[in-house]
$ cat data08.txt   # compact mmCIF, C-alpha atoms
# COMPACT_ATOMS: atom_id res chain seq x y z
CA MET A 27 19.31 -23.58 25.67
CA THR A 28 15.76 -24.57 26.57
CA ASP A 29 12.99 -26.48 24.88
CA ALA A 30 9.33 -25.84 24.19
CA GLU A 31 6.60 -27.97 22.74
CA CYS A 32 5.60 -27.56 19.11
CA PRO A 33 1.86 -26.75 19.07
CA GLU A 34 1.56 -28.50 15.70
CA CYS A 35 3.20 -31.91 16.27
CA GLY A 36 4.02 -31.97 19.98
CA ALA A 37 7.75 -32.48 19.46
CA GLU A 38 10.31 -30.67 21.57
CA VAL A 39 11.70 -27.58 19.84
CA SER A 40 15.17 -26.41 20.87
CA LEU A 41 15.27 -22.69 21.58
CA HIS A 42 18.35 -20.48 21.41
CA ASP A 43 19.37 -18.36 24.39
CA ASP A 44 18.60 -14.88 23.02
CA LEU A 45 15.08 -15.76 21.98
CA GLU A 46 12.77 -12.75 21.51
CA VAL A 47 9.02 -12.43 21.70
CA GLY A 48 7.52 -12.26 18.23
CA GLU A 49 10.38 -14.19 16.65
CA ILE A 50 9.46 -16.85 14.09
CA ILE A 51 11.28 -20.17 14.31
CA ASP A 52 10.91 -23.56 12.61
CA CYS A 53 9.96 -26.84 14.22
CA GLY A 54 12.80 -29.21 13.43
CA THR A 55 10.43 -32.17 13.38
CA CYS A 56 7.38 -31.11 11.36
CA GLY A 57 8.77 -27.94 9.78
CA ALA A 58 5.92 -25.74 11.01
CA GLU A 59 6.63 -22.03 11.34
CA LEU A 60 6.17 -21.06 14.98
CA GLU A 61 5.96 -17.69 16.67
CA VAL A 62 7.45 -17.08 20.11
CA ILE A 63 4.57 -15.79 22.22
CA ALA A 64 6.49 -15.63 25.50
CA VAL A 65 10.07 -16.33 26.56
CA ASP A 66 9.82 -16.86 30.32
CA PRO A 67 8.60 -19.52 30.31
CA PRO A 68 8.89 -20.09 26.58
CA GLU A 69 5.60 -20.45 24.72
CA LEU A 70 5.12 -21.12 21.03
CA ASP A 71 2.13 -20.76 18.76
CA THR A 72 1.63 -21.42 15.07
CA ALA A 73 2.90 -18.38 13.16
CA PRO A 74 0.30 -16.45 11.17
CA GLU A 75 -0.07 -17.62 7.60
CA LEU A 76 0.48 -15.25 4.74
CA GLU A 77 -2.91 -14.07 3.45
CA GLU A 78 -3.66 -12.62 0.05
CA ASP A 79 -5.48 -9.31 -0.26
CA TRP A 80 -5.88 -6.63 -2.91
CA GLY A 81 -5.38 -2.87 -3.15
CA GLU A 82 -3.88 -0.23 -3.10
CA MET B 24 -27.50 6.24 12.86
CA ALA B 25 -26.09 9.27 11.17
CA VAL B 26 -25.81 12.27 13.43
CA GLY B 27 -24.65 14.88 10.97
CA THR B 28 -23.12 15.44 7.63
CA ASP B 29 -21.58 18.85 8.10
CA ALA B 30 -17.84 18.70 8.85
CA ASP B 31 -18.12 20.96 11.90
CA ALA B 32 -21.00 18.89 13.27
CA VAL B 33 -18.93 15.72 12.85
CA LEU B 34 -15.98 17.31 14.66
CA ASP B 35 -18.35 18.14 17.51
CA HIS B 36 -19.60 14.57 17.78
CA PRO B 37 -18.89 13.14 21.26
CA ALA B 38 -17.02 10.18 19.70
CA VAL B 39 -14.48 12.58 18.18
CA ASP B 40 -12.89 13.02 21.57
CA THR B 41 -9.14 12.63 21.09
CA GLU B 42 -6.57 14.66 19.22
CA GLY B 43 -6.05 11.77 16.84
CA ARG B 44 -9.73 11.35 16.07
CA LYS B 45 -10.05 15.10 15.52
CA LEU B 46 -7.13 15.14 13.09
CA LEU B 47 -8.52 12.12 11.26
CA THR B 48 -11.98 13.70 10.99
CA GLU B 49 -10.58 17.04 9.87
CA LEU B 50 -8.43 15.48 7.15
CA VAL B 51 -11.21 13.21 5.88
CA SER B 52 -13.49 16.28 5.71
CA ILE B 53 -11.13 18.02 3.28
CA PRO B 54 -11.44 16.72 -0.31
CA SER B 55 -7.97 15.68 -1.48
CA VAL B 56 -8.31 13.96 -4.83
CA SER B 57 -4.98 13.33 -6.57
CA GLY B 58 -3.70 16.59 -8.01
CA ASP B 59 -5.73 18.70 -5.61
CA GLU B 60 -4.16 17.94 -2.23
CA THR B 61 -2.98 21.40 -1.14
CA GLU B 62 -5.73 22.22 1.36
CA ALA B 63 -5.36 18.87 3.12
CA ALA B 64 -1.56 19.19 3.03
CA GLU B 65 -1.73 22.61 4.67
CA ALA B 66 -4.03 21.27 7.40
CA LEU B 67 -1.61 18.43 8.03
CA ALA B 68 1.35 20.83 8.15
CA ALA B 69 -0.55 23.02 10.62
CA PHE B 70 -0.90 20.01 12.92
CA PHE B 71 2.88 19.56 12.97
CA GLU B 72 3.44 23.28 13.48
CA ALA B 73 1.09 23.19 16.46
CA HIS B 74 3.38 20.55 17.92
CA ASP B 75 6.50 22.63 17.34
CA ARG B 76 7.77 20.33 14.63
CA GLU B 77 9.74 21.62 11.68
CA VAL B 78 7.49 21.18 8.65
CA TRP B 79 7.19 22.41 5.09
CA LEU B 80 5.49 21.62 1.81
CA ASP B 81 8.16 20.65 -0.68
CA ASP B 82 8.26 21.57 -4.36
CA ILE B 83 5.78 18.90 -5.38
CA GLY B 84 3.42 19.36 -2.42
CA ASN B 85 4.58 16.63 -0.02
CA VAL B 86 4.33 17.49 3.69
CA ARG B 87 7.84 17.03 5.10
CA ALA B 88 8.30 16.85 8.88
CA PRO B 89 11.83 15.61 9.54
CA GLY B 90 12.62 13.99 12.83
CA ASP B 91 14.39 10.90 14.06
CA ASP B 92 15.21 9.01 10.87
CA THR B 93 15.42 5.70 12.70
CA VAL B 94 11.92 5.36 11.28
CA LEU B 95 10.21 7.27 8.49
CA LEU B 96 6.43 7.19 8.79
CA THR B 97 4.94 8.00 5.42
CA SER B 98 1.51 7.74 3.86
CA HIS B 99 -0.36 9.49 1.09
CA ILE B 100 -2.51 12.60 1.31
CA ASP B 101 -4.45 12.06 -1.89
CA THR B 102 -7.55 9.95 -2.43
CA VAL B 103 -9.43 8.66 -5.43
CA PRO B 104 -12.50 10.70 -6.49
CA GLY B 105 -15.87 10.07 -4.90
CA ASP B 106 -17.94 12.20 -2.57
CA ILE B 107 -18.94 10.16 0.48
CA PRO B 108 -20.72 12.27 3.12
CA VAL B 109 -18.51 12.67 6.18
CA GLU B 110 -20.40 11.41 9.20
CA ILE B 111 -20.16 9.30 12.31
CA LYS B 112 -22.29 6.16 12.32
CA ASP B 113 -22.74 3.46 14.92
CA GLY B 114 -21.15 0.19 13.83
CA GLU B 115 -20.45 -3.25 15.23
CA GLU B 116 -17.14 -2.05 16.65
CA GLY B 117 -18.52 1.24 17.94
CA PRO B 118 -18.53 4.62 16.20
CA GLU B 119 -17.28 4.67 12.62
CA LEU B 120 -16.08 7.59 10.54
CA TRP B 121 -17.48 7.51 7.01
CA GLY B 122 -15.90 9.50 4.21
CA ARG B 123 -13.63 9.25 1.18
CA GLY B 124 -10.11 8.43 2.32
CA SER B 125 -11.06 7.21 5.78
CA VAL B 126 -9.47 3.88 4.80
CA ASP B 127 -7.25 4.65 1.79
CA ALA B 128 -5.28 6.23 3.23
CA THR B 129 -6.22 9.21 5.41
CA GLY B 130 -6.75 6.84 8.35
CA PRO B 131 -3.17 5.52 8.16
CA LEU B 132 -1.92 9.06 7.40
CA ALA B 133 -3.53 10.57 10.51
CA ALA B 134 -2.42 7.67 12.72
CA MET B 135 1.15 8.17 11.54
CA ALA B 136 1.01 11.92 12.15
CA ILE B 137 -0.05 11.29 15.74
CA ALA B 138 2.66 8.64 16.23
CA ALA B 139 5.26 10.97 14.69
CA VAL B 140 4.58 13.85 17.10
CA GLU B 141 4.36 11.41 20.01
CA THR B 142 7.68 9.69 19.31
CA GLY B 143 9.66 12.20 17.23
CA ALA B 144 9.87 9.93 14.19
CA SER B 145 10.33 11.44 10.72
CA PHE B 146 7.13 11.93 8.75
CA VAL B 147 6.20 12.60 5.16
CA GLY B 148 2.71 12.88 3.68
CA VAL B 149 3.09 12.33 -0.04
CA VAL B 150 0.90 13.43 -2.93
CA GLY B 151 -0.15 11.56 -6.03
CA GLU B 152 -0.04 7.95 -4.84
CA GLU B 153 -3.36 7.21 -6.52
CA SER B 154 -2.10 8.48 -9.89
CA THR B 155 1.61 8.49 -10.76
CA SER B 156 3.24 8.23 -7.31
CA ARG B 157 4.85 11.59 -8.11
CA GLY B 158 5.21 12.42 -4.42
CA ALA B 159 7.09 9.22 -3.67
CA TRP B 160 9.37 9.64 -6.70
CA HIS B 161 10.11 13.22 -5.68
CA LEU B 162 10.95 12.04 -2.17
CA ILE B 163 13.33 9.40 -3.51
CA GLU B 164 15.15 12.03 -5.55
CA ASN B 165 15.38 14.62 -2.79
CA ARG B 166 15.97 12.74 0.40
CA GLU B 167 18.36 10.15 1.76
CA ALA B 168 17.06 6.76 2.85
CA PRO B 169 15.93 6.46 6.46
CA ASP B 170 16.93 3.48 8.59
CA ALA B 171 13.47 1.92 8.22
CA ILE B 172 10.13 2.81 6.66
CA ILE B 173 6.59 2.20 7.74
CA ASN B 174 4.42 2.95 4.73
CA GLY B 175 0.85 3.91 5.54
CA GLU B 176 -1.77 1.84 3.74
CA PRO B 177 -4.77 -0.03 5.12
CA SER B 178 -3.80 -3.46 6.40
CA GLY B 179 -6.26 -3.50 9.29
CA TRP B 180 -4.95 -2.36 12.66
CA ASP B 181 -4.03 -6.00 13.44
CA GLY B 182 -2.27 -6.76 10.17
CA ILE B 183 0.89 -5.83 8.31
CA THR B 184 1.46 -5.90 4.57
CA LEU B 185 4.73 -7.53 3.58
CA GLY B 186 4.47 -7.36 -0.18
CA TYR B 187 2.84 -5.92 -3.28
CA ARG B 188 2.96 -7.00 -6.88
CA GLY B 189 4.72 -4.77 -9.35
CA LEU B 190 3.09 -2.78 -12.13
CA LEU B 191 3.78 -2.49 -15.83
CA GLU B 192 1.74 0.04 -17.79
CA GLY B 193 1.68 0.80 -21.47
CA THR B 194 -0.27 2.11 -24.44
CA TYR B 195 -0.82 0.07 -27.59
CA VAL B 196 -1.33 2.04 -30.81
CA ALA B 197 -2.17 0.76 -34.28
CA THR B 198 -3.35 2.25 -37.53
CA SER B 199 -4.69 0.67 -40.70
CA GLU B 200 -5.85 2.03 -44.00
CA SER B 201 -9.54 2.90 -43.97
CA GLY B 202 -11.74 0.76 -46.15
CA HIS B 203 -15.17 -0.69 -46.46
CA THR B 204 -16.11 -2.74 -43.39
CA SER B 205 -17.14 -5.64 -45.61
CA ARG B 206 -13.49 -6.24 -46.53
CA PRO B 207 -11.89 -9.22 -44.74
CA ASP B 208 -8.56 -7.53 -43.87
CA PRO B 209 -8.19 -6.84 -40.14
CA ASN B 210 -8.39 -3.18 -39.18
CA ALA B 211 -6.58 -1.34 -36.39
CA ILE B 212 -9.19 -2.30 -33.80
CA GLN B 213 -8.85 -5.96 -34.71
CA HIS B 214 -5.06 -5.69 -34.51
CA ALA B 215 -5.36 -4.34 -30.97
CA MET B 216 -7.84 -7.01 -29.95
CA SER B 217 -5.73 -9.74 -31.50
CA TRP B 218 -2.54 -8.64 -29.73
CA TRP B 219 -4.33 -8.35 -26.42
CA GLU B 220 -5.79 -11.86 -26.78
CA ARG B 221 -2.31 -13.25 -27.37
CA VAL B 222 -0.95 -11.41 -24.34
CA GLU B 223 -3.80 -12.81 -22.23
CA ASP B 224 -2.95 -16.29 -23.51
CA VAL B 225 0.70 -15.87 -22.50
CA PHE B 226 -0.36 -14.95 -18.97
CA GLU B 227 -3.35 -17.26 -18.78
CA PRO B 228 -4.65 -17.42 -15.19
CA ASP B 229 -4.01 -20.62 -13.25
CA GLU B 230 -6.67 -21.23 -10.62
CA TRP B 231 -4.23 -23.37 -8.60
CA ILE B 232 -1.68 -20.59 -8.19
CA PRO B 233 -2.30 -17.63 -5.85
CA VAL B 234 -3.06 -14.42 -7.75
CA PHE B 235 -0.09 -12.73 -6.03
CA GLU B 236 2.23 -15.17 -7.83
CA GLN B 237 0.76 -14.60 -11.29
CA VAL B 238 0.88 -11.92 -13.96
CA THR B 239 -2.61 -10.53 -14.46
CA THR B 240 -3.73 -8.43 -17.42
CA LYS B 241 -6.16 -5.54 -17.43
CA PRO B 242 -7.12 -3.12 -20.23
CA VAL B 243 -8.08 0.21 -18.66
CA GLU B 244 -8.99 2.42 -21.64
CA PHE B 245 -9.73 1.88 -25.32
CA GLU B 246 -10.38 4.23 -28.23
CA GLY B 247 -10.83 3.23 -31.84
CA GLY B 248 -12.38 4.31 -35.12
CA ILE B 249 -11.88 6.36 -38.24
CA SER B 250 -9.23 9.09 -38.03
CA VAL B 251 -10.18 12.76 -38.24
CA ASP B 252 -9.13 12.99 -41.90
CA GLY B 253 -11.07 9.83 -42.70
CA LEU B 254 -8.11 8.13 -44.36
CA SER B 255 -7.20 5.60 -41.71
CA MET B 256 -8.55 3.50 -38.88
CA GLU B 257 -6.90 3.97 -35.46
CA SER B 258 -6.90 2.12 -32.17
CA THR B 259 -5.38 3.07 -28.82
CA MET B 260 -5.49 0.87 -25.75
CA GLU B 261 -4.06 1.61 -22.32
CA PHE B 262 -3.40 -1.42 -20.17
CA GLN B 263 -1.83 -2.63 -16.94
CA LEU B 264 0.03 -5.83 -16.18
CA ARG B 265 0.58 -6.74 -12.52
CA VAL B 266 3.91 -8.43 -11.94
CA PRO B 267 4.68 -11.01 -9.21
CA PRO B 268 8.02 -11.08 -7.35
CA GLU B 269 9.10 -14.12 -9.39
CA ARG B 270 9.22 -12.01 -12.57
CA THR B 271 10.75 -8.67 -13.49
CA PRO B 272 8.78 -6.00 -15.33
CA GLU B 273 11.37 -6.23 -18.13
CA GLU B 274 10.72 -9.94 -18.57
CA VAL B 275 6.96 -9.38 -18.76
CA ARG B 276 7.47 -6.56 -21.25
CA GLU B 277 9.61 -8.77 -23.47
CA LEU B 278 7.01 -11.55 -23.46
CA SER B 279 4.31 -9.03 -24.38
CA ASP B 280 6.41 -7.37 -27.08
CA ALA B 281 7.09 -10.79 -28.59
CA GLU B 282 3.38 -11.10 -29.41
CA LEU B 283 3.34 -7.85 -31.42
CA GLU B 284 2.61 -8.31 -35.11
CA THR B 285 1.09 -4.95 -35.95
CA GLY B 286 1.15 -1.72 -34.00
CA THR B 287 3.49 -0.47 -31.30
CA VAL B 288 3.55 -0.33 -27.53
CA ASN B 289 4.77 2.64 -25.55
CA TRP B 290 5.70 1.32 -22.10
CA THR B 291 5.12 3.98 -19.47
CA GLU B 292 5.54 2.46 -16.02
CA PHE B 293 7.94 -0.14 -14.61
CA ILE B 294 7.52 -0.81 -10.90
CA PRO B 295 9.01 -4.07 -9.57
CA ALA B 296 7.20 -6.20 -7.02
CA VAL B 297 8.25 -6.17 -3.37
CA MET B 298 8.09 -9.02 -0.88
CA THR B 299 9.68 -8.72 2.56
CA SER B 300 10.23 -11.38 5.19
CA PRO B 301 7.85 -11.96 8.12
CA ARG B 302 11.05 -12.65 10.09
CA SER B 303 12.39 -9.11 9.81
CA GLU B 304 12.85 -7.09 13.00
CA VAL B 305 10.19 -4.59 11.93
CA ALA B 306 7.67 -7.36 11.28
CA ARG B 307 8.50 -8.98 14.62
CA LEU B 308 7.92 -5.74 16.51
CA PHE B 309 4.58 -5.23 14.79
CA ARG B 310 3.41 -8.69 15.84
CA VAL B 311 4.41 -7.97 19.43
CA ALA B 312 2.70 -4.57 19.46
CA ILE B 313 -0.48 -5.94 17.87
CA ARG B 314 -0.67 -8.70 20.48
CA GLU B 315 -0.17 -6.12 23.24
CA GLN B 316 -3.26 -4.34 21.91
CA GLY B 317 -5.22 -7.57 22.11
CA GLY B 318 -5.01 -8.45 18.43
CA ASP B 319 -4.14 -11.62 16.57
CA PRO B 320 -1.51 -10.52 14.03
CA ARG B 321 -2.18 -11.03 10.32
CA LEU B 322 0.41 -11.10 7.56
CA LEU B 323 -0.69 -9.86 4.15
CA ARG B 324 0.59 -9.73 0.61
CA LYS B 325 -1.41 -7.60 -1.78
CA THR B 326 -2.08 -8.08 -5.46
CA GLY B 327 -1.98 -4.33 -6.13
CA THR B 328 0.93 -1.89 -6.08
CA ALA B 329 1.82 0.92 -3.66
CA ASP B 330 4.52 3.47 -2.91
CA MET B 331 6.12 0.71 -0.82
CA ASN B 332 7.33 -0.84 -4.09
CA ILE B 333 9.18 2.35 -4.98
CA TYR B 334 10.78 2.83 -1.58
CA ALA B 335 11.87 -0.80 -1.41
CA GLU B 336 13.40 -0.69 -4.88
CA GLU B 337 15.14 2.67 -4.53
CA TRP B 338 16.12 2.76 -0.85
CA GLY B 339 16.36 -0.93 0.04
CA CYS B 340 15.87 -0.35 3.76
CA PRO B 341 13.62 -2.47 6.03
CA ILE B 342 9.99 -1.71 5.22
CA VAL B 343 6.43 -2.83 5.87
CA SER B 344 3.06 -1.27 5.11
CA TYR B 345 0.64 -0.72 7.94
CA GLY B 346 -2.49 1.21 8.74
CA PRO B 347 -6.02 0.88 10.07
CA GLY B 348 -8.92 0.07 7.78
CA ASP B 349 -10.36 -2.72 5.69
CA SER B 350 -8.86 -2.48 2.23
CA ASN B 351 -11.93 -4.22 0.81
CA LEU B 352 -13.46 -0.76 1.20
CA ASP B 353 -10.72 0.96 -0.84
CA HIS B 354 -12.20 3.17 -3.57
CA THR B 355 -15.78 2.04 -2.78
CA PRO B 356 -18.80 4.17 -1.80
CA HIS B 357 -18.78 2.36 1.57
CA GLU B 358 -15.41 3.62 2.82
CA HIS B 359 -15.47 3.93 6.62
CA LEU B 360 -13.18 3.34 9.56
CA PRO B 361 -14.08 2.22 13.10
CA LEU B 362 -12.57 4.78 15.43
CA SER B 363 -11.47 2.05 17.82
CA ALA B 364 -9.35 0.54 15.01
CA PHE B 365 -7.80 3.94 14.44
CA ASP B 366 -6.92 4.24 18.14
CA HIS B 367 -5.36 0.76 18.19
CA SER B 368 -3.24 1.58 15.16
CA VAL B 369 -1.87 4.71 16.81
CA GLU B 370 -0.79 2.69 19.84
CA VAL B 371 0.78 0.00 17.65
CA LEU B 372 2.74 2.60 15.64
CA ILE B 373 3.99 4.34 18.77
CA GLU B 374 5.11 1.05 20.30
CA VAL B 375 6.91 -0.09 17.14
CA CYS B 376 8.68 3.27 16.73
CA GLU B 377 9.84 3.25 20.34
CA GLN B 378 11.02 -0.34 20.17
CA LEU B 379 12.98 0.45 17.01
CA GLY B 380 14.76 3.18 18.96
CA VAL B 381 12.96 6.35 17.89
CA GLY B 382 13.46 9.01 20.52
CA GLU B 383 16.94 7.88 21.47
CA ASN B 384 18.24 10.42 18.96
CA THR B 385 17.00 13.92 19.73
CA THR B 386 18.17 15.85 16.68
CA PRO B 387 16.55 15.78 13.25
CA THR B 388 18.46 13.45 10.99
CA GLU B 389 16.69 13.77 7.65
CA GLN B 390 19.29 14.71 5.08
CA ALA B 391 18.47 16.33 1.78
CA GLN B 392 20.49 14.86 -1.07

$ encode --input "data08.txt" --output "structure tokens"
Amino acid sequence: MTDAECPECGAEVSLHDDLEVGEIIDCGTCGAELEVIAVDPPELDTAPELEEDWGE
Amino acid sequence: MAVGTDADAVLDHPAVDTEGRKLLTELVSIPSVSGDETEAAEALAAFFEAHDREVWLDDIGNVRAPGDDTVLLTSHIDTVPGDIPVEIKDGEEGPELWGRGSVDATGPLAAMAIAAVETGASFVGVVGEESTSRGAWHLIENREAPDAIINGEPSGWDGITLGYRGLLEGTYVATSESGHTSRPDPNAIQHAMSWWERVEDVFEPDEWIPVFEQVTTKPVEFEGGISVDGLSMESTMEFQLRVPPERTPEEVRELSDAELETGTVNWTEFIPAVMTSPRSEVARLFRVAIREQGGDPRLLRKTGTADMNIYAEEWGCPIVSYGPGDSNLDHTPHEHLPLSAFDHSVEVLIEVCEQLGVGENTTPTEQAQ
């Protein structure tokens, strides 16, 4: 298991071994939803927020 | 700058330089208002035939091109009415195709057709999405569920739609005895207006709650006046109620029925809301594919209703909606699609299909029920 830094609060986020790019995980410290941008080395970014739209 | 309005001239435009762009332009050039989709459906079927894919128009007019059912790519052939000249214009993102359906949803439809022949994924172009969703209902009744569905609707090439509100439709009817308009007794028109006001009060908008999470009310047609024989006053109102995932259509119907004092309501449409997780495997693969194309993925939930609601309710398999185009342009006179966005969406769809495993099975797997 490896760690990566939460881009929201700076805390260390524990990552599981079979992490996949695009996966959304939670920061255990601030609760932010984070998206895995890369796995080697691991890189996290704030996950996209849900936007409201209209149609169809 | 417009360079031509004739369909052939548009097809000859230098920007229409890929098979995908040609298919898109051809399909947008063919009027395909709900109920009159046959010519566009035949053109779409011809595209699949040219790529040696099994294809047919089913009993209701859907274009069925079975393939690897790991993924079913499906969008709608029909558009709303409105004659927008088909032409290529220069836009901020390069050449744009203008025309009815370029966004909703011929753009997504054409992108999916290209991705389907490229990867071997199953494909269906359905009819009637803009009216009664008869194509989607027919599909549900005559086909087994695929492993996953990508439903073609405009989300922008860099976005995916995870949810839609449900839809409840009905017709209110009231009659009252005709009489002089100076009398104080409420007539049928007043009964209709009174009931509708009470329904609006029940579902009063809350500015602090997202629209997606609220019931919204909308009358769509009203007729009222003296009957043909002159003996009664009549009122008829057709209306729609949009239903959030937190409520069922049945619950909203019961709350509306509880406000009835005079008149009756004939409920005609019950479509539940759908909301899928951004953590699903399909959603994950879309984010990856969008980033690979240089995009910043967006996650959407829409306040309208689409065939996705029906597939999610009836089939229950993993599903998202995706397709190029700005849905702010849906049904407007300004409907147009940047061709670069179309190209990106094709690449995203191909990547997602391949990552989901399309192509690992080589035999058609669509099963008629």

$ axis_aligned_box --input "data08.txt" --around "segment 54-61 of chain A" --padding-each-side "3 Å" --output "AutoDock Vina command-line options"
--center_x 9.4 --center_y -24.9 --center_z 13.2 --size_x 12.9 --size_y 20.5 --size_z 12.9

$ closest_atom_pairs --input "data08.txt" --of "chain A" --to "chain B" --cutoff "8 Å" --atoms "only C-alpha atoms" --output "CSV"
residue,atom,partner,partner_atom,distance
A:Val47,CA,B:Val311,CA,6.8
A:Gly48,CA,B:Arg307,CA,5.0
A:Glu49,CA,B:Arg307,CA,5.9
A:Ile50,CA,B:Arg302,CA,6.0
A:Pro74,CA,B:Arg321,CA,6.0
A:Glu75,CA,B:Leu322,CA,6.5
A:Leu76,CA,B:Leu322,CA,5.0
A:Glu77,CA,B:Leu323,CA,4.8
A:Glu78,CA,B:Arg324,CA,5.2
A:Asp79,CA,B:Lys325,CA,4.7
A:Trp80,CA,B:Lys325,CA,4.7
A:Gly81,CA,B:Gly327,CA,4.8
A:Glu82,CA,B:Gly327,CA,5.4

$ residues_near_point --input "data08.txt" --point "(6.3, 2.1, -13.4)" --cutoff "9 Å" --atoms "only C-alpha atoms" --output "PyMOL selection string"
chain B and resi 155+189-192+272+290-295+333

$ closest_residue --input "data08.txt" --among "B:Gly84, B:Leu283, B:Val103, B:Gly117" --to "Arg221 of chain B" --atoms "all atoms listed in the file"
B:Leu283

$ residues_around --input "data08.txt" --residues "Pro33 of chain A" --least-positions-apart "5" --cutoff "10 Å" --atoms "only C-alpha atoms" --output "list in words"
Glu38, Val39, Cys53, Ala58, Leu60, Glu69, Leu70, Asp71 and Thr72 of chain A

$ closest_residue --input "data08.txt" --among "B:Val126, B:Val266, B:Ile137, B:Ala30" --to "Leu67 of chain B" --atoms "only C-alpha atoms"
B:Ile137

$ atom_distance --input "data08.txt" --atom1 "atom CA of Trp121 of chain B" --atom2 "atom CA of Ala133 of chain B"
14.7 Å

$ atom_distance --input "data08.txt" --atom1 "atom CA of Ile232 of chain B" --atom2 "atom CA of Asn174 of chain B"
27.5 Å

$ atom_distance --input "data08.txt" --atom1 "atom CA of Phe70 of chain B" --atom2 "atom CA of Ala171 of chain B"
23.6 Å
